[in-house]
Amino acid sequence: MVLRVYNTMTRGKEEFRPREGKKVGIYVCGVTPYNYCHVGNARPYVVWDVFRRYLEYKGYEVFHVQNFTDVDDKILARAAQEGKTPGEIAEKYIAEYYADMDALGVKRAHFYPRVTEHIPDIIAMVQGLVEKGYAYEVDGDVYYDVGRFAGYGKLSGRSLEEMRAGARVEVDEKKANPMDFALWKRAKPGEISWDSPWGKGRPGWHIECSVMSHKYLGEGFDFHGGGVDLIFPHHENEIAQTEAYTGQPFVRYWLHNGFVNFSGEKMAKSVGNVITIREARQEYSGMAVRLYLLSTHYRSPIDFDLEKLAAAQKGWERLQNAREGMEQVLGRGDDLPPQPPEGELKERARNLRDRAGEAVTKFVEAMDDDFNTALAIGILFDLTREINSFLRQPVATPGEKAALARAREVFQTIGGVLGLLPAPEKAAAEGLVNELLQLIIDVRQEARSRKDFALADSIRERLGQLGIILEDTPQGIRYRRK
Ligand SMILES: [Zn+2]
């Protein structure tokens, strides 16, 4: 069965064909760490966590990159307010982000590049765009010249004229075209800044994602995600930057999730109608929040509703009960008891086994249809109901045990892809392992750049003994497990 996804670029569902074999590259726009994450912020990370798990279930080798915008007006404002450095603010809220995502059972991306660690790369791309005639400098600011990029507007489906009419663009004498946007911003006095060919300044917002996705995923890659609000101008601008710079098509599939609305408006810090993940977690489990977010198709808006969140909490508890009930009967072992001959199977055992088989087929159909998690959750709960009713009578014969074991296997597969059968401690530990691995790889890179090849080789060898293979790729070092 093939996976079909709704591509914002073509405005239709398309068969997913990876760029290269079974490898899949994903870039998701990450947070600006200046405050706690709210339920609306969390939605893209939860849905992409499921997309990734499903792609892995289908046998793809996924490389998932997500940035942190760790320098930005909002961070600078917050730092000034709290008398801290922008770095301290970013560090604090990145740690909070991880804590929230761990609670929601979101696996760590493979890599989280930060803007402040990529300034030379950003300057190089901006310079390249200036040299190719796509950007111009005025007074220490560098702007992208949207009139020069023929495809500008192709993602949002708007012409330059329409954008101009629709946007409240401030008149700026410096810009050649009102829709031109800043690639590099000249520093205001006292502001954090970096040296550049255009004087002291800092990067604009859009350029960072072009630079970091290009660096870690290559000239073209498979999926790019984010909320619908990012289609224009952020993703439109990313396309203009990257494609002008590389001369290659940028992203194959653009997937955008709908908003979370609350009290009739998009949940947003600027509106003030937010419920942070932290607040939600005081009353509900992170898993309930996850289940709630996944119960609506990712492209549809969610009208945030505390009653529905409470219902999700109950739903998640039902899943836990079913899991524990099966464990009590079958033990923790994954060994399937031998299947007795069909003729000896009791009706109820045959029924459970068949329902489990159907559940897996329906689940794959649902997920293949543009990641329909809402339908997939329904299928998981139908199966849970079958399991719970099966468990109400003694499970004694080998046939009954075999049927229950089959149901458990399916329950774990579906629940695992949806990330709803957590061992939260395990998720956190896995995140830490990935971080530590990245740290070791960075140390090895530093050794190599100091020409300490003995140390670099020894690190590679010892990782190899642990089953971790390092691969040199055009996008840098990647690791995979043997
Ligand atoms: Zn971005």
# chains A, B, ... in the order shown; residues from 1 in each chain; ligands from 1

$ residues_near_ligand --ligand "ligand 1" --cutoff "7 Å" --atoms "only C-alpha atoms and all ligand atoms" --output "list in words"
Val28, Cys29, Gly30, His206, Cys209, His234 and His235 of chain A

$ write_last_selection --atoms "N, CA and C atoms" --output "PDB file, in the first residue's frame"
ATOM      1  N   VAL A  28      11.360  20.340  10.119  1.00  0.00           N
ATOM      2  CA  VAL A  28      10.190  20.977  10.738  1.00  0.00           C
ATOM      3  C   VAL A  28      10.656  22.265  11.412  1.00  0.00           C
ATOM      4  N   CYS A  29       9.951  23.360  11.151  1.00  0.00           N
ATOM      5  CA  CYS A  29      10.328  24.626  11.777  1.00  0.00           C
ATOM      6  C   CYS A  29      10.105  24.531  13.284  1.00  0.00           C
ATOM      7  N   GLY A  30      11.141  24.859  14.025  1.00  0.00           N
ATOM      8  CA  GLY A  30      11.092  24.699  15.474  1.00  0.00           C
ATOM      9  C   GLY A  30      10.654  25.966  16.187  1.00  0.00           C
ATOM     10  N   HIS A 206      13.832  34.184   8.182  1.00  0.00           N
ATOM     11  CA  HIS A 206      13.614  33.155   7.152  1.00  0.00           C
ATOM     12  C   HIS A 206      14.892  32.441   6.707  1.00  0.00           C
ATOM     13  N   CYS A 209      16.262  28.898   8.280  1.00  0.00           N
ATOM     14  CA  CYS A 209      15.730  27.572   7.939  1.00  0.00           C
ATOM     15  C   CYS A 209      16.273  27.105   6.587  1.00  0.00           C
ATOM     16  N   HIS A 234       6.843  32.779   5.614  1.00  0.00           N
ATOM     17  CA  HIS A 234       8.074  32.067   5.980  1.00  0.00           C
ATOM     18  C   HIS A 234       8.497  31.002   4.955  1.00  0.00           C
ATOM     19  N   HIS A 235       7.589  30.092   4.626  1.00  0.00           N
ATOM     20  CA  HIS A 235       8.003  29.014   3.728  1.00  0.00           C
ATOM     21  C   HIS A 235       8.163  29.498   2.286  1.00  0.00           C
TER      22      HIS A 235
END

$ residues_around --residues "range 307-319 of chain A" --least-positions-apart "6" --cutoff "9 Å" --atoms "only C-alpha atoms" --output "PyMOL selection string"
chain A and resi 284-285+287-293+295+380-381+384-385+415+420-421

$ write_last_selection --atoms "C-alpha atoms" --output "JSON list (two decimals), in the first residue's frame"
[["chain", "number", "residue", "atom", "x", "y", "z"],
["A", 284, "TYR", "CA", -3.94, 15.91, 32.73],
["A", 285, "SER", "CA", -1.25, 13.53, 31.65],
["A", 287, "MET", "CA", -0.40, 11.46, 26.98],
["A", 288, "ALA", "CA", -3.95, 12.80, 27.24],
["A", 289, "VAL", "CA", -2.84, 16.02, 25.55],
["A", 290, "ARG", "CA", -1.17, 13.96, 22.84],
["A", 291, "LEU", "CA", -4.25, 11.80, 22.32],
["A", 292, "TYR", "CA", -6.39, 14.91, 22.16],
["A", 293, "LEU", "CA", -4.19, 16.59, 19.53],
["A", 295, "SER", "CA", -7.84, 12.90, 17.52],
["A", 380, "LEU", "CA", -7.18, 1.48, 18.25],
["A", 381, "PHE", "CA", -10.15, 2.12, 20.54],
["A", 384, "THR", "CA", -9.30, -1.96, 22.87],
["A", 385, "ARG", "CA", -13.02, -2.53, 23.34],
["A", 415, "GLY", "CA", -0.31, 2.30, 19.88],
["A", 420, "LEU", "CA", 0.27, 6.32, 22.92],
["A", 421, "LEU", "CA", 1.82, 3.42, 24.78]]

$ closest_residue --among "A:Thr373, A:Lys269, A:Phe304, A:Val410" --to "Arg353 in chain A" --atoms "only C-alpha atoms"
A:Val410

$ residues_around --residues "Ser263 in chain A" --least-positions-apart "3" --cutoff "9 Å" --atoms "only C-alpha atoms" --output "list in words"
Lys266, Met267, Asn273, Asp303 and Phe304 of chain A

$ residues_around --residues "range 210-222 of chain A" --least-positions-apart "3" --cutoff "10 Å" --atoms "only C-alpha atoms" --output "PyMOL selection string"
chain A and resi 16-20+23-29+63-67+111-115+118-119+121-126+205-207+235+237-243+245-254+473-478

$ atom_distance --atom1 "CA of Trp184 in chain A" --atom2 "CA of Phe223 in chain A"
26.3 Å

$ closest_residue --among "A:Glu96, A:Met179, A:Thr8, A:Leu439" --to "Glu162 in chain A" --atoms "only C-alpha atoms"
A:Met179

$ closest_residue --among "A:Arg355, A:Arg158, A:His38, A:Lys401" --to "Gln328 in chain A" --atoms "only C-alpha atoms"
A:Lys401

$ atom_distance --atom1 "CA of Arg460 in chain A" --atom2 "CA of Ala109 in chain A"
22.2 Å

$ select_by_dssp --residues "range 134-169 of chain A" --states "alpha helix (DSSP H)" --output "ChimeraX atom specification"
/A:160-166
